[in-house]
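Student: Next up is a structure, given as structure tokens.
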Amino acid sequence: MQNDSTVSHAASDVATQPAYRLGIALSGGGARGFAHVGALKAIEEAGLKPDVIAGVSAGSVVSVLYAAGIPLDEILPLFASMKFTDFCSFTMNKGEGVFSMTKFRNFIVRTAGVNQIEDLKIPTYIGVTDFDHGIPAEFHDGALGDRVMASCSIPIVFKPVRIDGTYYVDGGVLRNLPAWIIRDKCEKLIGINCSPLTNFRYKKSFVDIAMRTYNLMAKANQLEDMKMCDKVIITPELAGYQVFNLKDINKVYLSGYAAAHRAIKDWEKTL
């Protein structure tokens, strides 16, 4: 017969058990985010699939499309013929960023086929930065398009996104790898970091300087989240690829695929 103390401990163990077995956190990285598609492909080929997924910026785009049930082999072709101006348009609104991403928001909603985050087939968390209060934040429900757009809104380059009275910008400003969002929700956590700091020679232009600043912030803030992961897939060879260059997405995809395969050989038996 169990005493009250034993029952209490058993109840506590049940209460603290993570809701999901395997989680995957996808970093930001602009066009380098297509490495996530390749990495997920390698992970699937190893017989693994996330029970929960979190993404920031480019990682949020891949997260929601994957969670919507779009086959990985079909994600890359969606963007292959696209260019920056297909997703963004110049805005003259003072102080709100150079470009608007309304077209991008509409594309994501149309492609995912759902309007709300909670309607995705895999539980999904989107990392953002609460610009008004200066803190990291996350969304796991609500309007899909606005929240993905907010997660991708690099300050100065893009307009902040207003949601329920608060302005949000790119999640990579404070936490570029969203391990912090789902660490306590899964038994095992894989982080995929496709945002190494680039030594690429940037132009002394308004946009390039803003992007260089963003990359420096992302590099500094992702170390803590990498430590939270049980395993991390890193793609250092992507450092030479530009954030907005969609011409090399096939090479980026293959880089992520190869990096994940190398990593899986070392640790797949521990998952």
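Naming scheme: A, B, ... for chains in displayed order of the structure tokens; residues 1 onward per chain; ligands 1 onward as shown.
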Return as a ChimeraX atom specification the full set of residues in stretch 14-230 of chain A whose backbone-based DSSP assignment is helix (DSSP H, G or I).
Tutor: /A:14-16,30-45,58-67,72-80,84-87,102-112,117-119,144-151,171-173,179-185,206-221,223-228
Student: Would you please work out which residue, of A:Pro123, A:Ile156, A:Gly55, A:Ser27, is nearest to A:Cys186 when using only C-alpha atoms?
Tutor: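 Closest residue, counting only C-alpha atoms: A:Pro123.
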Student: Hey, can you check how far atom CA of A:Ala260 sits from atom CA of A:Lys121?
Tutor: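 Pair atom CA of A:Ala260 / atom CA of A:Lys121 returns 23.4 Å.
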Student: Show which residues sit within 8 Å of A:Asp225, as number ranges by chain. Count only C-alpha atoms, and ignore same-chain residues fewer than 2 positions away.
Tutor: A: 175, 177-180, 221-223, 227-229
Student: Limited to N, CA and C atoms, could you put the picked residues into a file as a PDB file, in the first residue's frame?
Tutor:
ATOM      1  N   ARG A 175      16.665  36.424 -29.383  1.00  0.00           N
ATOM      2  CA  ARG A 175      16.862  34.972 -29.256  1.00  0.00           C
ATOM      3  C   ARG A 175      16.735  34.340 -30.640  1.00  0.00           C
ATOM      4  N   LEU A 177      17.809  31.451 -31.776  1.00  0.00           N
ATOM      5  CA  LEU A 177      17.518  30.011 -31.776  1.00  0.00           C
ATOM      6  C   LEU A 177      16.473  29.755 -30.696  1.00  0.00           C
ATOM      7  N   PRO A 178      15.248  29.359 -31.064  1.00  0.00           N
ATOM      8  CA  PRO A 178      14.150  29.333 -30.097  1.00  0.00           C
ATOM      9  C   PRO A 178      14.083  28.100 -29.204  1.00  0.00           C
ATOM     10  N   ALA A 179      15.249  27.604 -28.792  1.00  0.00           N
ATOM     11  CA  ALA A 179      15.262  26.466 -27.868  1.00  0.00           C
ATOM     12  C   ALA A 179      14.536  26.817 -26.563  1.00  0.00           C
ATOM     13  N   TRP A 180      14.669  28.061 -26.125  1.00  0.00           N
ATOM     14  CA  TRP A 180      14.072  28.492 -24.866  1.00  0.00           C
ATOM     15  C   TRP A 180      12.565  28.311 -24.838  1.00  0.00           C
ATOM     16  N   ASN A 221      23.515  36.151 -29.308  1.00  0.00           N
ATOM     17  CA  ASN A 221      22.432  35.701 -28.430  1.00  0.00           C
ATOM     18  C   ASN A 221      22.052  34.241 -28.580  1.00  0.00           C
ATOM     19  N   GLN A 222      22.601  33.531 -29.583  1.00  0.00           N
ATOM     20  CA  GLN A 222      22.171  32.157 -29.795  1.00  0.00           C
ATOM     21  C   GLN A 222      22.980  31.128 -29.002  1.00  0.00           C
ATOM     22  N   LEU A 223      24.077  31.561 -28.380  1.00  0.00           N
ATOM     23  CA  LEU A 223      24.928  30.617 -27.646  1.00  0.00           C
ATOM     24  C   LEU A 223      24.195  29.973 -26.475  1.00  0.00           C
ATOM     25  N   LYS A 227      23.197  25.782 -25.901  1.00  0.00           N
ATOM     26  CA  LYS A 227      23.513  24.974 -24.718  1.00  0.00           C
ATOM     27  C   LYS A 227      22.277  24.252 -24.174  1.00  0.00           C
ATOM     28  N   MET A 228      21.098  24.781 -24.456  1.00  0.00           N
ATOM     29  CA  MET A 228      19.866  24.148 -23.983  1.00  0.00           C
ATOM     30  C   MET A 228      19.528  22.880 -24.763  1.00  0.00           C
ATOM     31  N   CYS A 229      20.049  22.773 -25.984  1.00  0.00           N
ATOM     32  CA  CYS A 229      19.705  21.646 -26.857  1.00  0.00           C
ATOM     33  C   CYS A 229      20.481  20.392 -26.468  1.00  0.00           C
TER      34      CYS A 229
END
Student: Could you give me, as a PyMOL selection string, the residues within 9 Å of A:Val62, counting only C-alpha atoms and dropping anything in the same chain fewer than 6 positions from it?
Tutor: chain A and resi 26+33-34+36-37+55+75
Student: Which of these residues is nearest to A:Ser100, using only C-alpha atoms: A:Met149, A:Met226, A:Ala263, A:Leu48?
Tutor: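 Result for the nearest residue to A:Ser100: A:Met149.
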Student: With distances taken over only C-alpha atoms, which residue among A:Phe139, A:Tyr20, A:Phe107, A:Tyr253 lies nearest A:Arg32?
Tutor: A:Tyr253
Student: Taking 3 positions as the minimum chain separation for residues in the same chain, which residues sit within 10 Å of A:Asp86 when counting only C-alpha atoms? Answer as a PyMOL selection string.
Tutor: chain A and resi 79+81-83+89+101+103-104+107
Student: Write a file of the just-selected residues containing N, CA, C and O atoms, as an mmCIF file, in the first residue's frame.
Tutor:
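Result written to part.cif:
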data_model
loop_
_atom_site.group_PDB
_atom_site.id
_atom_site.type_symbol
_atom_site.label_atom_id
_atom_site.label_comp_id
_atom_site.auth_asym_id
_atom_site.auth_seq_id
_atom_site.Cartn_x
_atom_site.Cartn_y
_atom_site.Cartn_z
ATOM 1 N N PHE A 79 9.828 28.435 -53.699
ATOM 2 C CA PHE A 79 10.602 29.674 -53.653
ATOM 3 C C PHE A 79 11.602 29.799 -54.801
ATOM 4 O O PHE A 79 12.213 30.854 -54.973
ATOM 5 N N SER A 81 11.632 30.189 -57.988
ATOM 6 C CA SER A 81 11.516 31.224 -59.016
ATOM 7 C C SER A 81 11.201 32.597 -58.431
ATOM 8 O O SER A 81 10.942 33.557 -59.164
ATOM 9 N N MET A 82 11.239 32.691 -57.103
ATOM 10 C CA MET A 82 10.880 33.939 -56.442
ATOM 11 C C MET A 82 12.085 34.861 -56.293
ATOM 12 O O MET A 82 13.228 34.426 -56.300
ATOM 13 N N LYS A 83 11.800 36.143 -56.122
ATOM 14 C CA LYS A 83 12.828 37.121 -55.798
ATOM 15 C C LYS A 83 12.312 38.022 -54.684
ATOM 16 O O LYS A 83 11.124 37.984 -54.328
ATOM 17 N N SER A 89 7.580 45.056 -50.576
ATOM 18 C CA SER A 89 7.385 46.268 -51.368
ATOM 19 C C SER A 89 7.886 47.469 -50.587
ATOM 20 O O SER A 89 7.825 47.509 -49.353
ATOM 21 N N MET A 101 6.042 43.748 -45.709
ATOM 22 C CA MET A 101 5.988 42.327 -46.056
ATOM 23 C C MET A 101 4.569 41.797 -46.172
ATOM 24 O O MET A 101 4.314 40.616 -45.949
ATOM 25 N N LYS A 103 2.824 41.221 -48.832
ATOM 26 C CA LYS A 103 2.771 40.170 -49.862
ATOM 27 C C LYS A 103 3.327 38.856 -49.333
ATOM 28 O O LYS A 103 2.807 37.776 -49.649
ATOM 29 N N PHE A 104 4.363 38.940 -48.527
ATOM 30 C CA PHE A 104 4.955 37.743 -47.921
ATOM 31 C C PHE A 104 3.965 37.071 -46.975
ATOM 32 O O PHE A 104 3.798 35.852 -47.000
ATOM 33 N N PHE A 107 1.376 35.220 -48.917
ATOM 34 C CA PHE A 107 1.964 34.024 -49.523
ATOM 35 C C PHE A 107 2.036 32.887 -48.505
ATOM 36 O O PHE A 107 1.698 31.732 -48.807
#
Student: Write out as a list in words which residues come within 9 Å of A:Ala137 when counting only C-alpha atoms, dropping same-chain ones fewer than 3 positions away.
Tutor: Ile126, Gly127, Val128, Thr129, Asp130, Tyr168, Gly171 and Ile181 of chain A
Student: I need the chosen residues saved as an mmCIF file, in the first residue's frame, with N, CA and C atoms.
Tutor:
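Written output follows (again.cif):
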data_model
loop_
_atom_site.group_PDB
_atom_site.id
_atom_site.type_symbol
_atom_site.label_atom_id
_atom_site.label_comp_id
_atom_site.auth_asym_id
_atom_site.auth_seq_id
_atom_site.Cartn_x
_atom_site.Cartn_y
_atom_site.Cartn_z
ATOM 1 N N ILE A 126 6.262 30.161 -32.585
ATOM 2 C CA ILE A 126 6.951 31.165 -33.390
ATOM 3 C C ILE A 126 7.596 32.186 -32.463
ATOM 4 N N GLY A 127 8.921 32.324 -32.581
ATOM 5 C CA GLY A 127 9.653 33.251 -31.734
ATOM 6 C C GLY A 127 9.693 34.647 -32.339
ATOM 7 N N VAL A 128 9.432 35.646 -31.508
ATOM 8 C CA VAL A 128 9.435 37.053 -31.935
ATOM 9 C C VAL A 128 10.126 37.888 -30.858
ATOM 10 N N THR A 129 10.316 39.160 -31.153
ATOM 11 C CA THR A 129 10.809 40.108 -30.158
ATOM 12 C C THR A 129 9.728 41.144 -29.896
ATOM 13 N N ASP A 130 9.316 41.262 -28.645
ATOM 14 C CA ASP A 130 8.379 42.308 -28.236
ATOM 15 C C ASP A 130 9.155 43.625 -28.246
ATOM 16 N N TYR A 168 5.893 44.051 -32.716
ATOM 17 C CA TYR A 168 6.854 42.944 -32.684
ATOM 18 C C TYR A 168 7.784 43.028 -33.883
ATOM 19 N N GLY A 171 12.438 37.758 -34.260
ATOM 20 C CA GLY A 171 12.810 37.072 -33.033
ATOM 21 C C GLY A 171 14.309 36.965 -32.834
ATOM 22 N N ILE A 181 11.935 28.338 -26.010
ATOM 23 C CA ILE A 181 10.476 28.263 -26.061
ATOM 24 C C ILE A 181 9.974 26.857 -25.750
#
Student: Nearest to A:Leu78 among A:Val64, A:Val232, A:Ile24, A:Ile108, with distances taken over only C-alpha atoms: which residue is it?
Tutor: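 For A:Leu78, the nearest of the given residues is A:Ile108.
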Student: Got a sec: who's within 7 Å of A:Val98, counting only C-alpha atoms, leaving out chain neighbours fewer than 5 positions off, as a list in words?
Tutor: Phe90, Thr91, Ile156, Val157 and Phe158 of chain A
Student: Go ahead and save the picked residues with all heavy atoms, as a PDB file, in the first residue's frame.
Tutor:
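Written out: result.pdb:
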ATOM      1  N   PHE A  90       8.384  48.448 -51.308  1.00  0.00           N
ATOM      2  CA  PHE A  90       8.942  49.643 -50.694  1.00  0.00           C
ATOM      3  C   PHE A  90       7.837  50.448 -50.017  1.00  0.00           C
ATOM      4  O   PHE A  90       6.731  50.571 -50.538  1.00  0.00           O
ATOM      5  CB  PHE A  90       9.621  50.484 -51.763  1.00  0.00           C
ATOM      6  CG  PHE A  90      10.340  51.686 -51.220  1.00  0.00           C
ATOM      7  CD1 PHE A  90      11.531  51.554 -50.533  1.00  0.00           C
ATOM      8  CD2 PHE A  90       9.806  52.949 -51.402  1.00  0.00           C
ATOM      9  CE1 PHE A  90      12.189  52.665 -50.032  1.00  0.00           C
ATOM     10  CE2 PHE A  90      10.455  54.071 -50.908  1.00  0.00           C
ATOM     11  CZ  PHE A  90      11.653  53.924 -50.221  1.00  0.00           C
ATOM     12  N   THR A  91       8.150  50.964 -48.831  1.00  0.00           N
ATOM     13  CA  THR A  91       7.168  51.781 -48.125  1.00  0.00           C
ATOM     14  C   THR A  91       7.786  53.124 -47.772  1.00  0.00           C
ATOM     15  O   THR A  91       8.965  53.210 -47.450  1.00  0.00           O
ATOM     16  CB  THR A  91       6.677  51.093 -46.837  1.00  0.00           C
ATOM     17  OG1 THR A  91       5.779  51.968 -46.149  1.00  0.00           O
ATOM     18  CG2 THR A  91       7.820  50.727 -45.908  1.00  0.00           C
ATOM     19  N   ILE A 156      14.416  48.151 -38.998  1.00  0.00           N
ATOM     20  CA  ILE A 156      14.902  49.143 -39.965  1.00  0.00           C
ATOM     21  C   ILE A 156      14.612  48.677 -41.401  1.00  0.00           C
ATOM     22  O   ILE A 156      14.102  49.430 -42.219  1.00  0.00           O
ATOM     23  CB  ILE A 156      16.402  49.466 -39.801  1.00  0.00           C
ATOM     24  CG1 ILE A 156      16.683  49.977 -38.383  1.00  0.00           C
ATOM     25  CG2 ILE A 156      16.825  50.532 -40.835  1.00  0.00           C
ATOM     26  CD1 ILE A 156      18.158  50.226 -38.108  1.00  0.00           C
ATOM     27  N   VAL A 157      14.944  47.425 -41.699  1.00  0.00           N
ATOM     28  CA  VAL A 157      14.699  46.904 -43.041  1.00  0.00           C
ATOM     29  C   VAL A 157      13.202  46.737 -43.276  1.00  0.00           C
ATOM     30  O   VAL A 157      12.681  47.129 -44.326  1.00  0.00           O
ATOM     31  CB  VAL A 157      15.427  45.561 -43.262  1.00  0.00           C
ATOM     32  CG1 VAL A 157      15.140  45.022 -44.663  1.00  0.00           C
ATOM     33  CG2 VAL A 157      16.922  45.727 -43.055  1.00  0.00           C
ATOM     34  N   PHE A 158      12.495  46.144 -42.293  1.00  0.00           N
ATOM     35  CA  PHE A 158      11.065  45.884 -42.440  1.00  0.00           C
ATOM     36  C   PHE A 158      10.260  46.598 -41.358  1.00  0.00           C
ATOM     37  O   PHE A 158      10.766  46.903 -40.273  1.00  0.00           O
ATOM     38  CB  PHE A 158      10.790  44.379 -42.353  1.00  0.00           C
ATOM     39  CG  PHE A 158      11.452  43.570 -43.414  1.00  0.00           C
ATOM     40  CD1 PHE A 158      12.435  42.646 -43.096  1.00  0.00           C
ATOM     41  CD2 PHE A 158      11.110  43.732 -44.746  1.00  0.00           C
ATOM     42  CE1 PHE A 158      13.056  41.896 -44.076  1.00  0.00           C
ATOM     43  CE2 PHE A 158      11.718  42.992 -45.750  1.00  0.00           C
ATOM     44  CZ  PHE A 158      12.699  42.068 -45.408  1.00  0.00           C
TER      45      PHE A 158
END
Student: Point out the residue among A:Cys194, A:Ile122, A:Ala19, A:Ala39 with the least atom-to-atom distance to A:Ile70, counting only C-alpha atoms.
Tutor: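 Smallest separation from A:Ile70 among the options: A:Ile122.
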Student: Select, from A:Phe99, A:Ile182, A:Leu65, A:Glu138, the residue with the minimum atom-to-atom distance to A:Pro155, counting only C-alpha atoms.
Tutor: A:Phe99
